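Student: Just one file: my_file-v1.cif, with mmCIF, C-alpha atoms and all ligand atoms.
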```cif
data_entry
#
loop_
_atom_site.group_PDB
_atom_site.id
_atom_site.type_symbol
_atom_site.label_atom_id
_atom_site.label_comp_id
_atom_site.auth_asym_id
_atom_site.auth_seq_id
_atom_site.Cartn_x
_atom_site.Cartn_y
_atom_site.Cartn_z
ATOM 1 C CA MET A 1 -0.507 -26.102 12.427
ATOM 2 C CA GLY A 2 -1.233 -26.442 16.097
ATOM 3 C CA ASN A 3 0.927 -23.557 17.215
ATOM 4 C CA GLY A 4 -2.113 -21.593 18.350
ATOM 5 C CA LYS A 5 -1.086 -18.635 16.166
ATOM 6 C CA ILE A 6 -3.061 -19.396 13.020
ATOM 7 C CA GLY A 7 -4.891 -16.251 12.038
ATOM 8 C CA LYS A 8 -2.919 -14.178 14.586
ATOM 9 C CA ARG A 9 0.370 -13.727 12.780
ATOM 10 C CA PHE A 10 0.945 -10.154 13.977
ATOM 11 C CA GLU A 11 0.434 -10.469 17.723
ATOM 12 C CA GLY A 12 2.842 -8.110 19.486
ATOM 13 C CA LYS A 13 3.757 -6.394 16.192
ATOM 14 C CA VAL A 14 3.438 -2.737 15.274
ATOM 15 C CA ALA A 15 2.475 -1.796 11.720
ATOM 16 C CA ILE A 16 2.300 1.481 9.813
ATOM 17 C CA VAL A 17 0.087 1.525 6.711
ATOM 18 C CA THR A 18 0.041 4.725 4.657
ATOM 19 C CA ALA A 19 -3.063 5.969 2.839
ATOM 20 C CA SER A 20 -5.134 3.621 4.959
ATOM 21 C CA THR A 21 -8.443 5.350 5.642
ATOM 22 C CA GLN A 22 -10.245 3.698 2.737
ATOM 23 C CA GLY A 23 -9.853 1.220 -0.094
ATOM 24 C CA ILE A 24 -6.930 -1.199 -0.225
ATOM 25 C CA GLY A 25 -4.935 0.517 2.539
ATOM 26 C CA PHE A 26 -7.884 0.430 4.935
ATOM 27 C CA GLU A 27 -8.435 -3.280 4.330
ATOM 28 C CA ILE A 28 -4.722 -4.018 4.793
ATOM 29 C CA ALA A 29 -4.795 -2.111 8.100
ATOM 30 C CA ARG A 30 -7.915 -4.003 9.161
ATOM 31 C CA ARG A 31 -6.378 -7.370 8.265
ATOM 32 C CA LEU A 32 -3.121 -6.708 10.133
ATOM 33 C CA ALA A 33 -5.036 -5.483 13.186
ATOM 34 C CA PHE A 34 -7.434 -8.432 12.988
ATOM 35 C CA GLU A 35 -4.397 -10.710 13.098
ATOM 36 C CA GLY A 36 -3.165 -9.027 16.258
ATOM 37 C CA ALA A 37 -1.063 -6.035 15.179
ATOM 38 C CA SER A 38 -1.254 -2.562 16.651
ATOM 39 C CA VAL A 39 -1.791 -0.581 13.456
ATOM 40 C CA VAL A 40 -1.113 3.073 12.747
ATOM 41 C CA ILE A 41 -3.455 4.295 10.057
ATOM 42 C CA SER A 42 -3.093 7.577 8.224
ATOM 43 C CA SER A 43 -4.146 9.736 5.316
ATOM 44 C CA ARG A 44 -4.351 13.419 4.408
ATOM 45 C CA ARG A 45 -7.656 14.340 6.016
ATOM 46 C CA GLN A 46 -8.329 14.337 9.764
ATOM 47 C CA ARG A 47 -12.000 13.529 9.217
ATOM 48 C CA ASN A 48 -11.155 10.424 7.190
ATOM 49 C CA VAL A 49 -8.625 9.349 9.809
ATOM 50 C CA ASP A 50 -11.181 9.794 12.601
ATOM 51 C CA GLU A 51 -13.861 7.856 10.723
ATOM 52 C CA ALA A 52 -11.521 4.982 9.905
ATOM 53 C CA VAL A 53 -10.246 4.794 13.490
ATOM 54 C CA GLU A 54 -13.816 4.714 14.751
ATOM 55 C CA LYS A 55 -14.765 1.888 12.360
ATOM 56 C CA LEU A 56 -11.773 -0.244 13.315
ATOM 57 C CA LYS A 57 -12.092 0.400 17.056
ATOM 58 C CA ALA A 58 -15.755 -0.608 16.793
ATOM 59 C CA GLN A 59 -14.463 -3.999 15.595
ATOM 60 C CA GLY A 60 -12.321 -4.272 18.723
ATOM 61 C CA LEU A 61 -9.069 -3.580 16.862
ATOM 62 C CA GLU A 62 -6.017 -1.737 18.226
ATOM 63 C CA VAL A 63 -5.379 1.274 16.002
ATOM 64 C CA LEU A 64 -3.902 4.737 16.218
ATOM 65 C CA GLY A 65 -4.852 7.378 13.649
ATOM 66 C CA ILE A 66 -2.464 10.124 12.519
ATOM 67 C CA VAL A 67 -2.826 12.608 9.682
ATOM 68 C CA CYS A 68 -0.021 12.120 7.163
ATOM 69 C CA HIS A 69 0.160 13.431 3.617
ATOM 70 C CA VAL A 70 3.014 11.226 2.456
ATOM 71 C CA SER A 71 4.816 14.007 0.639
ATOM 72 C CA ASN A 72 4.834 16.288 3.720
ATOM 73 C CA ALA A 73 8.162 15.822 5.546
ATOM 74 C CA GLN A 74 6.877 17.150 8.867
ATOM 75 C CA GLN A 75 3.837 14.877 8.789
ATOM 76 C CA ARG A 76 5.977 11.827 7.926
ATOM 77 C CA LYS A 77 8.262 12.561 10.874
ATOM 78 C CA ASN A 78 5.240 13.067 13.131
ATOM 79 C CA LEU A 79 3.806 9.726 11.956
ATOM 80 C CA VAL A 80 6.972 7.909 13.003
ATOM 81 C CA GLU A 81 7.407 9.860 16.260
ATOM 82 C CA LYS A 82 3.828 9.275 17.410
ATOM 83 C CA THR A 83 4.105 5.579 16.539
ATOM 84 C CA ILE A 84 7.252 5.240 18.638
ATOM 85 C CA GLN A 85 5.775 7.282 21.505
ATOM 86 C CA LYS A 86 2.745 5.008 21.664
ATOM 87 C CA TYR A 87 4.095 1.586 20.675
ATOM 88 C CA GLY A 88 7.906 1.855 21.027
ATOM 89 C CA LYS A 89 8.937 0.067 17.795
ATOM 90 C CA ILE A 90 7.981 -0.679 14.183
ATOM 91 C CA ASP A 91 7.753 -4.183 12.677
ATOM 92 C CA VAL A 92 5.770 -3.698 9.479
ATOM 93 C CA VAL A 93 5.509 -0.816 7.008
ATOM 94 C CA VAL A 94 3.078 -0.902 4.102
ATOM 95 C CA SER A 95 3.650 1.944 1.662
ATOM 96 C CA ASN A 96 0.357 2.261 -0.153
ATOM 97 C CA ALA A 97 -0.176 5.901 -1.143
ATOM 98 C CA ALA A 98 -0.379 6.826 -4.828
ATOM 99 C CA VAL A 99 -1.988 9.347 -7.130
ATOM 100 C CA ASN A 100 -2.939 9.398 -10.757
ATOM 101 C CA PRO A 101 -3.640 13.055 -11.436
ATOM 102 C CA SER A 102 -3.911 12.892 -15.232
ATOM 103 C CA VAL A 103 -4.888 10.680 -18.136
ATOM 104 C CA ASP A 104 -2.653 12.564 -20.578
ATOM 105 C CA SER A 105 -0.211 10.655 -22.722
ATOM 106 C CA ILE A 106 3.357 10.751 -21.431
ATOM 107 C CA LEU A 107 4.499 13.242 -24.056
ATOM 108 C CA LYS A 108 1.630 15.576 -23.107
ATOM 109 C CA THR A 109 2.031 15.301 -19.326
ATOM 110 C CA LYS A 110 2.936 18.609 -17.656
ATOM 111 C CA GLU A 111 6.131 18.835 -15.642
ATOM 112 C CA SER A 112 4.167 19.660 -12.478
ATOM 113 C CA VAL A 113 2.183 16.426 -12.919
ATOM 114 C CA LEU A 114 5.350 14.412 -13.556
ATOM 115 C CA ASP A 115 6.770 15.850 -10.322
ATOM 116 C CA LYS A 116 3.641 15.003 -8.340
ATOM 117 C CA LEU A 117 3.586 11.429 -9.648
ATOM 118 C CA TRP A 118 7.223 10.935 -8.740
ATOM 119 C CA ASP A 119 6.889 12.670 -5.346
ATOM 120 C CA ILE A 120 3.929 10.696 -4.068
ATOM 121 C CA ASN A 121 4.184 7.362 -5.875
ATOM 122 C CA VAL A 122 7.933 6.806 -5.489
ATOM 123 C CA LYS A 123 9.895 9.397 -3.505
ATOM 124 C CA ALA A 124 7.572 9.466 -0.491
ATOM 125 C CA SER A 125 8.126 5.716 0.073
ATOM 126 C CA VAL A 126 11.883 6.254 0.147
ATOM 127 C CA LEU A 127 11.660 9.250 2.472
ATOM 128 C CA LEU A 128 9.252 7.496 4.841
ATOM 129 C CA LEU A 129 11.556 4.474 5.034
ATOM 130 C CA GLN A 130 14.507 6.778 5.786
ATOM 131 C CA ASP A 131 12.576 8.025 8.833
ATOM 132 C CA VAL A 132 11.360 4.571 9.825
ATOM 133 C CA ALA A 133 14.634 2.642 9.354
ATOM 134 C CA PRO A 134 16.220 3.432 12.760
ATOM 135 C CA HIS A 135 13.166 1.954 14.491
ATOM 136 C CA LEU A 136 12.763 -1.233 12.452
ATOM 137 C CA GLN A 137 13.097 -4.477 14.400
ATOM 138 C CA LYS A 138 15.092 -7.546 13.405
ATOM 139 C CA GLY A 139 12.634 -9.651 11.382
ATOM 140 C CA SER A 140 10.717 -6.607 10.213
ATOM 141 C CA SER A 141 9.036 -6.332 6.860
ATOM 142 C CA VAL A 142 8.233 -3.665 4.287
ATOM 143 C CA VAL A 143 5.591 -4.076 1.580
ATOM 144 C CA LEU A 144 5.322 -1.601 -1.293
ATOM 145 C CA ILE A 145 2.040 -1.417 -3.200
ATOM 146 C CA SER A 146 2.724 -1.270 -6.930
ATOM 147 C CA SER A 147 0.238 -2.205 -9.688
ATOM 148 C CA ILE A 148 -0.240 -4.583 -12.602
ATOM 149 C CA GLU A 149 0.176 -1.351 -14.585
ATOM 150 C CA GLY A 150 3.817 -1.385 -13.517
ATOM 151 C CA TYR A 151 4.398 -4.287 -15.920
ATOM 152 C CA ASN A 152 2.446 -3.008 -18.899
ATOM 153 C CA PRO A 153 1.573 0.676 -18.487
ATOM 154 C CA SER A 154 -1.606 1.232 -20.488
ATOM 155 C CA SER A 155 -2.221 4.370 -22.513
ATOM 156 C CA LEU A 156 -4.574 6.105 -20.056
ATOM 157 C CA LEU A 157 -2.424 5.278 -17.045
ATOM 158 C CA ALA A 158 0.956 5.486 -18.730
ATOM 159 C CA MET A 159 3.084 7.709 -16.500
ATOM 160 C CA TYR A 160 1.332 6.397 -13.375
ATOM 161 C CA GLY A 161 2.279 2.914 -14.613
ATOM 162 C CA VAL A 162 5.895 3.968 -14.992
ATOM 163 C CA THR A 163 6.019 5.136 -11.360
ATOM 164 C CA LYS A 164 4.666 1.705 -10.423
ATOM 165 C CA THR A 165 7.431 0.094 -12.525
ATOM 166 C CA ALA A 166 9.897 2.118 -10.448
ATOM 167 C CA LEU A 167 8.543 0.455 -7.301
ATOM 168 C CA LEU A 168 9.457 -2.962 -8.714
ATOM 169 C CA GLY A 169 13.080 -1.801 -8.958
ATOM 170 C CA LEU A 170 12.870 -0.089 -5.573
ATOM 171 C CA THR A 171 11.738 -3.397 -4.044
ATOM 172 C CA LYS A 172 14.832 -5.176 -5.361
ATOM 173 C CA ALA A 173 17.209 -2.380 -4.370
ATOM 174 C CA LEU A 174 15.821 -1.938 -0.853
ATOM 175 C CA ALA A 175 15.659 -5.691 -0.264
ATOM 176 C CA ALA A 176 19.417 -5.827 -0.854
ATOM 177 C CA GLU A 177 20.083 -2.722 1.212
ATOM 178 C CA MET A 178 17.906 -3.656 4.189
ATOM 179 C CA ALA A 179 18.812 -7.373 4.405
ATOM 180 C CA PRO A 180 19.148 -9.417 6.526
ATOM 181 C CA ASP A 181 17.128 -7.742 9.286
ATOM 182 C CA THR A 182 14.298 -6.361 7.136
ATOM 183 C CA ARG A 183 12.567 -8.026 4.210
ATOM 184 C CA VAL A 184 11.192 -5.844 1.403
ATOM 185 C CA ASN A 185 8.504 -7.120 -0.941
ATOM 186 C CA CYS A 186 5.850 -5.741 -3.222
ATOM 187 C CA VAL A 187 2.236 -6.438 -4.119
ATOM 188 C CA ALA A 188 1.097 -5.593 -7.640
ATOM 189 C CA PRO A 189 -2.703 -5.421 -7.535
ATOM 190 C CA GLY A 190 -4.901 -5.907 -10.558
ATOM 191 C CA PHE A 191 -8.041 -3.801 -10.837
ATOM 192 C CA VAL A 192 -10.068 -3.239 -7.674
ATOM 193 C CA PRO A 193 -13.230 -1.111 -7.560
ATOM 194 C CA THR A 194 -12.255 1.643 -5.102
ATOM 195 C CA HIS A 195 -12.573 5.411 -5.150
ATOM 196 C CA PHE A 196 -9.181 5.482 -6.925
ATOM 197 C CA ALA A 197 -10.527 3.236 -9.690
ATOM 198 C CA ASP A 198 -14.081 4.574 -9.734
ATOM 199 C CA PHE A 199 -14.184 4.163 -13.530
ATOM 200 C CA LEU A 200 -14.649 0.458 -12.747
ATOM 201 C CA VAL A 201 -17.794 1.265 -10.810
ATOM 202 C CA THR A 202 -19.241 3.980 -13.022
ATOM 203 C CA ASN A 203 -18.455 2.563 -16.471
ATOM 204 C CA GLU A 204 -19.820 -0.917 -17.070
ATOM 205 C CA ALA A 205 -18.109 -1.333 -20.446
ATOM 206 C CA ILE A 206 -14.699 -0.637 -18.891
ATOM 207 C CA ARG A 207 -15.433 -2.952 -15.984
ATOM 208 C CA LYS A 208 -16.450 -5.780 -18.319
ATOM 209 C CA GLY A 209 -13.379 -5.140 -20.468
ATOM 210 C CA VAL A 210 -11.099 -5.423 -17.436
ATOM 211 C CA GLU A 211 -12.878 -8.525 -16.152
ATOM 212 C CA SER A 212 -12.419 -10.201 -19.515
ATOM 213 C CA LYS A 213 -8.649 -9.609 -19.331
ATOM 214 C CA THR A 214 -8.468 -11.696 -16.139
ATOM 215 C CA LEU A 215 -8.451 -15.481 -16.154
ATOM 216 C CA LEU A 216 -10.775 -15.556 -13.155
ATOM 217 C CA ASN A 217 -13.439 -13.345 -14.795
ATOM 218 C CA ARG A 218 -13.716 -10.838 -11.980
ATOM 219 C CA LEU A 219 -12.264 -7.693 -10.498
ATOM 220 C CA GLY A 220 -10.030 -7.928 -7.442
ATOM 221 C CA THR A 221 -11.272 -7.109 -3.960
ATOM 222 C CA THR A 222 -9.597 -5.104 -1.235
ATOM 223 C CA GLU A 223 -9.588 -8.347 0.782
ATOM 224 C CA ASP A 224 -7.591 -10.098 -1.985
ATOM 225 C CA MET A 225 -4.942 -7.365 -1.706
ATOM 226 C CA ALA A 226 -4.951 -7.397 2.090
ATOM 227 C CA ALA A 227 -4.472 -11.175 2.212
ATOM 228 C CA ALA A 228 -1.453 -11.025 -0.117
ATOM 229 C CA THR A 229 0.061 -8.092 1.755
ATOM 230 C CA ALA A 230 -0.442 -9.765 5.130
ATOM 231 C CA PHE A 231 1.255 -12.906 3.817
ATOM 232 C CA LEU A 232 4.340 -11.002 2.640
ATOM 233 C CA ALA A 233 4.456 -8.951 5.851
ATOM 234 C CA SER A 234 4.159 -12.030 8.066
ATOM 235 C CA ASP A 235 6.682 -14.634 9.175
ATOM 236 C CA ASP A 236 4.978 -17.061 6.763
ATOM 237 C CA ALA A 237 7.079 -15.222 4.158
ATOM 238 C CA SER A 238 10.240 -15.194 6.284
ATOM 239 C CA TYR A 239 12.392 -16.587 3.407
ATOM 240 C CA ILE A 240 10.955 -14.222 0.800
ATOM 241 C CA THR A 241 12.528 -10.853 0.042
ATOM 242 C CA GLY A 242 12.874 -8.701 -3.068
ATOM 243 C CA GLU A 243 9.786 -10.366 -4.568
ATOM 244 C CA ILE A 244 6.742 -9.023 -6.330
ATOM 245 C CA LEU A 245 3.443 -10.799 -5.835
ATOM 246 C CA VAL A 246 1.006 -10.072 -8.667
ATOM 247 C CA VAL A 247 -2.578 -10.299 -7.406
ATOM 248 C CA ALA A 248 -4.478 -9.722 -10.611
ATOM 249 C CA GLY A 249 -6.667 -12.732 -11.334
ATOM 250 C CA GLY A 250 -4.222 -13.983 -13.955
ATOM 251 C CA MET A 251 -3.910 -10.767 -15.962
ATOM 252 C CA PRO A 252 -0.709 -10.862 -18.021
ATOM 253 C CA SER A 253 2.349 -9.639 -16.135
ATOM 254 C CA ARG A 254 5.558 -11.593 -16.639
ATOM 255 C CA LEU A 255 6.762 -15.189 -16.791
HETATM 256 P P1 LIG G 1 -8.549 4.666 -2.628
HETATM 257 O O1 LIG G 1 -9.606 3.681 -2.301
HETATM 258 O O2 LIG G 1 -8.919 5.837 -3.450
HETATM 259 O O3 LIG G 1 -7.910 5.144 -1.240
HETATM 260 C C1 LIG G 1 -6.926 6.087 -1.248
HETATM 261 C C2 LIG G 1 -6.484 6.354 0.191
HETATM 262 O O4 LIG G 1 -5.299 7.112 0.106
HETATM 263 C C3 LIG G 1 -7.454 7.160 1.010
HETATM 264 O O5 LIG G 1 -7.423 6.681 2.346
HETATM 265 C C4 LIG G 1 -6.897 8.589 0.927
HETATM 266 O O6 LIG G 1 -7.347 9.335 2.059
HETATM 267 C C5 LIG G 1 -5.418 8.287 0.897
HETATM 268 N N1 LIG G 1 -4.528 9.242 0.253
HETATM 269 C C6 LIG G 1 -4.629 9.785 -0.981
HETATM 270 N N2 LIG G 1 -3.581 10.571 -1.249
HETATM 271 C C7 LIG G 1 -2.773 10.520 -0.160
HETATM 272 C C8 LIG G 1 -1.539 11.131 0.186
HETATM 273 N N3 LIG G 1 -0.915 11.964 -0.656
HETATM 274 N N4 LIG G 1 -0.981 10.862 1.389
HETATM 275 C C9 LIG G 1 -1.601 10.033 2.250
HETATM 276 N N5 LIG G 1 -2.771 9.432 1.987
HETATM 277 C C10 LIG G 1 -3.362 9.674 0.796
HETATM 278 O O7 LIG G 1 -7.307 3.979 -3.397
HETATM 279 P P2 LIG G 1 -6.945 2.444 -3.618
HETATM 280 O O8 LIG G 1 -7.555 1.983 -4.876
HETATM 281 O O9 LIG G 1 -7.145 1.675 -2.380
HETATM 282 O O10 LIG G 1 -5.374 2.550 -3.921
HETATM 283 C C11 LIG G 1 -4.400 2.222 -2.957
HETATM 284 C C12 LIG G 1 -3.129 1.796 -3.648
HETATM 285 O O11 LIG G 1 -3.395 0.670 -4.489
HETATM 286 C C13 LIG G 1 -2.466 2.848 -4.536
HETATM 287 O O12 LIG G 1 -1.053 2.741 -4.384
HETATM 288 C C14 LIG G 1 -2.863 2.421 -5.937
HETATM 289 O O13 LIG G 1 -1.922 2.848 -6.897
HETATM 290 C C15 LIG G 1 -2.822 0.922 -5.767
HETATM 291 N N6 LIG G 1 -3.571 0.204 -6.796
HETATM 292 C C16 LIG G 1 -4.933 0.332 -6.881
HETATM 293 C C17 LIG G 1 -5.610 -0.369 -7.873
HETATM 294 C C18 LIG G 1 -7.101 -0.285 -8.015
HETATM 295 O O14 LIG G 1 -7.621 -0.801 -9.023
HETATM 296 N N7 LIG G 1 -7.826 0.288 -7.094
HETATM 297 C C19 LIG G 1 -4.902 -1.175 -8.791
HETATM 298 C C20 LIG G 1 -3.522 -1.268 -8.669
HETATM 299 C C21 LIG G 1 -2.863 -0.582 -7.661
HETATM 300 P P3 LIG G 1 -7.312 10.971 2.102
HETATM 301 O O15 LIG G 1 -8.163 11.453 0.988
HETATM 302 O O16 LIG G 1 -7.830 11.322 3.478
HETATM 303 O O17 LIG G 1 -5.860 11.325 1.948
#
```
Step by step, read the file and then write its structure as structure tokens.
Tutor:
Amino acid sequence: MGNGKIGKRFEGKVAIVTASTQGIGFEIARRLAFEGASVVISSRRQRNVDEAVEKLKAQGLEVLGIVCHVSNAQQRKNLVEKTIQKYGKIDVVVSNAAVNPSVDSILKTKESVLDKLWDINVKASVLLLQDVAPHLQKGSSVVLISSIEGYNPSSLLAMYGVTKTALLGLTKALAAEMAPDTRVNCVAPGFVPTHFADFLVTNEAIRKGVESKTLLNRLGTTEDMAAATAFLASDDASYITGEILVVAGGMPSRL
């Protein structure tokens, strides 16, 4: 303590957070900006980007908003170019975008859906990092957002869960590849009531069922996920790489 930086771990840092105009990504962006980062927020729709930028600027935070559908190569390149034009470097990347387009069992999932799951949930992170890598600073940090479902894919989220399992492996592989200058870690959220998981809001039986699977008897919050992500992205985690932090209220994951 006493270094005057408590609560301002990202002063002078530049962060990109994908899929950050609502939900977990928005709260991660807000947290990083609140702790001093210049944060580039993005998602598919201009209107959502504008609204999120307005909300964060109203809180006195330094943010830049850019439209970026993570599986659009041109928009990914534009995201990186505009970030460099405005801020000159990149210190933190949080890869947060994901879709779950179907609740079909794996053996019934159409090829087009399998492709979409792979493209957005896994491949887009790799392609974005390929574009970002030349601009990453020494001491930089990448955080991938996986899911508790990556450990035990459940029947209704099975193939989605498998893409989240892939991110656990990607974390290990990239941590080795990007060391020692860049750390790569992963957050595996439990269940958080967001638009993405609106079944938790609309279906009380499901919500109660999920709550009862946690040890802490509650759903997660976007703030819980933002706090864990900010920790891994910050210098507080400077000796941690290739790790997965499960933030799921004690839901079963692994030993
Ligand atoms: P959310 O509240 O529904 O927010 C999704 C955000 O992603 C929005 O800003 C949306 O804006 C953007 N988005 C959607 N598709 C995109 C794309 N292809 N490219 C760029 N941006 C896109 O979702 P969330 O619950 O926060 O989920 C965020 C992450 O947490 C995901 O990786 C999810 O798998 C993971 N997660 C969530 C839970 C949970 O219970 N909520 C649990 C475990 C893991 P636009 O519509 O403007 O694109």
Student: Which of these residues is nearest to Thr21 (chain A), using only C-alpha atoms: A:Ala73, A:Ile120, A:Met225, A:Ala97?
Tutor: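 Counting only C-alpha atoms, the residue closest to Thr21 (chain A) is A:Ala97.
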Student: Could you tell me how far CA of Phe10 (chain A) lies from CA of Ala33 (chain A), in Å and to one decimal?
Tutor: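 Atom-to-atom, CA of Phe10 (chain A) and CA of Ala33 (chain A) are spaced 7.6 Å apart.
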Student: Between A:Asn100, A:Ser125, A:Asn78, A:Ser147, which is the closest to ligand LIG 1 (chain G) once you count all atoms listed in the file?
Tutor: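 Looking at the shortest contact to ligand LIG 1 (chain G), the residue is A:Ser147.
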Student: For the PyMOL selection byres (((not hetatm)) within 6 of (chain G and resi 1)), applied here, can you spell out every residue it catches as number ranges by chain?
Tutor: A: 19-25, 43-45, 48, 68-70, 96-98, 145-147, 189-197
Student: Which of these residues is nearest to Thr222 (chain A), using all atoms listed in the file: A:Arg254, A:Lys13, A:Arg30, A:Lys8?
Tutor: A:Arg30
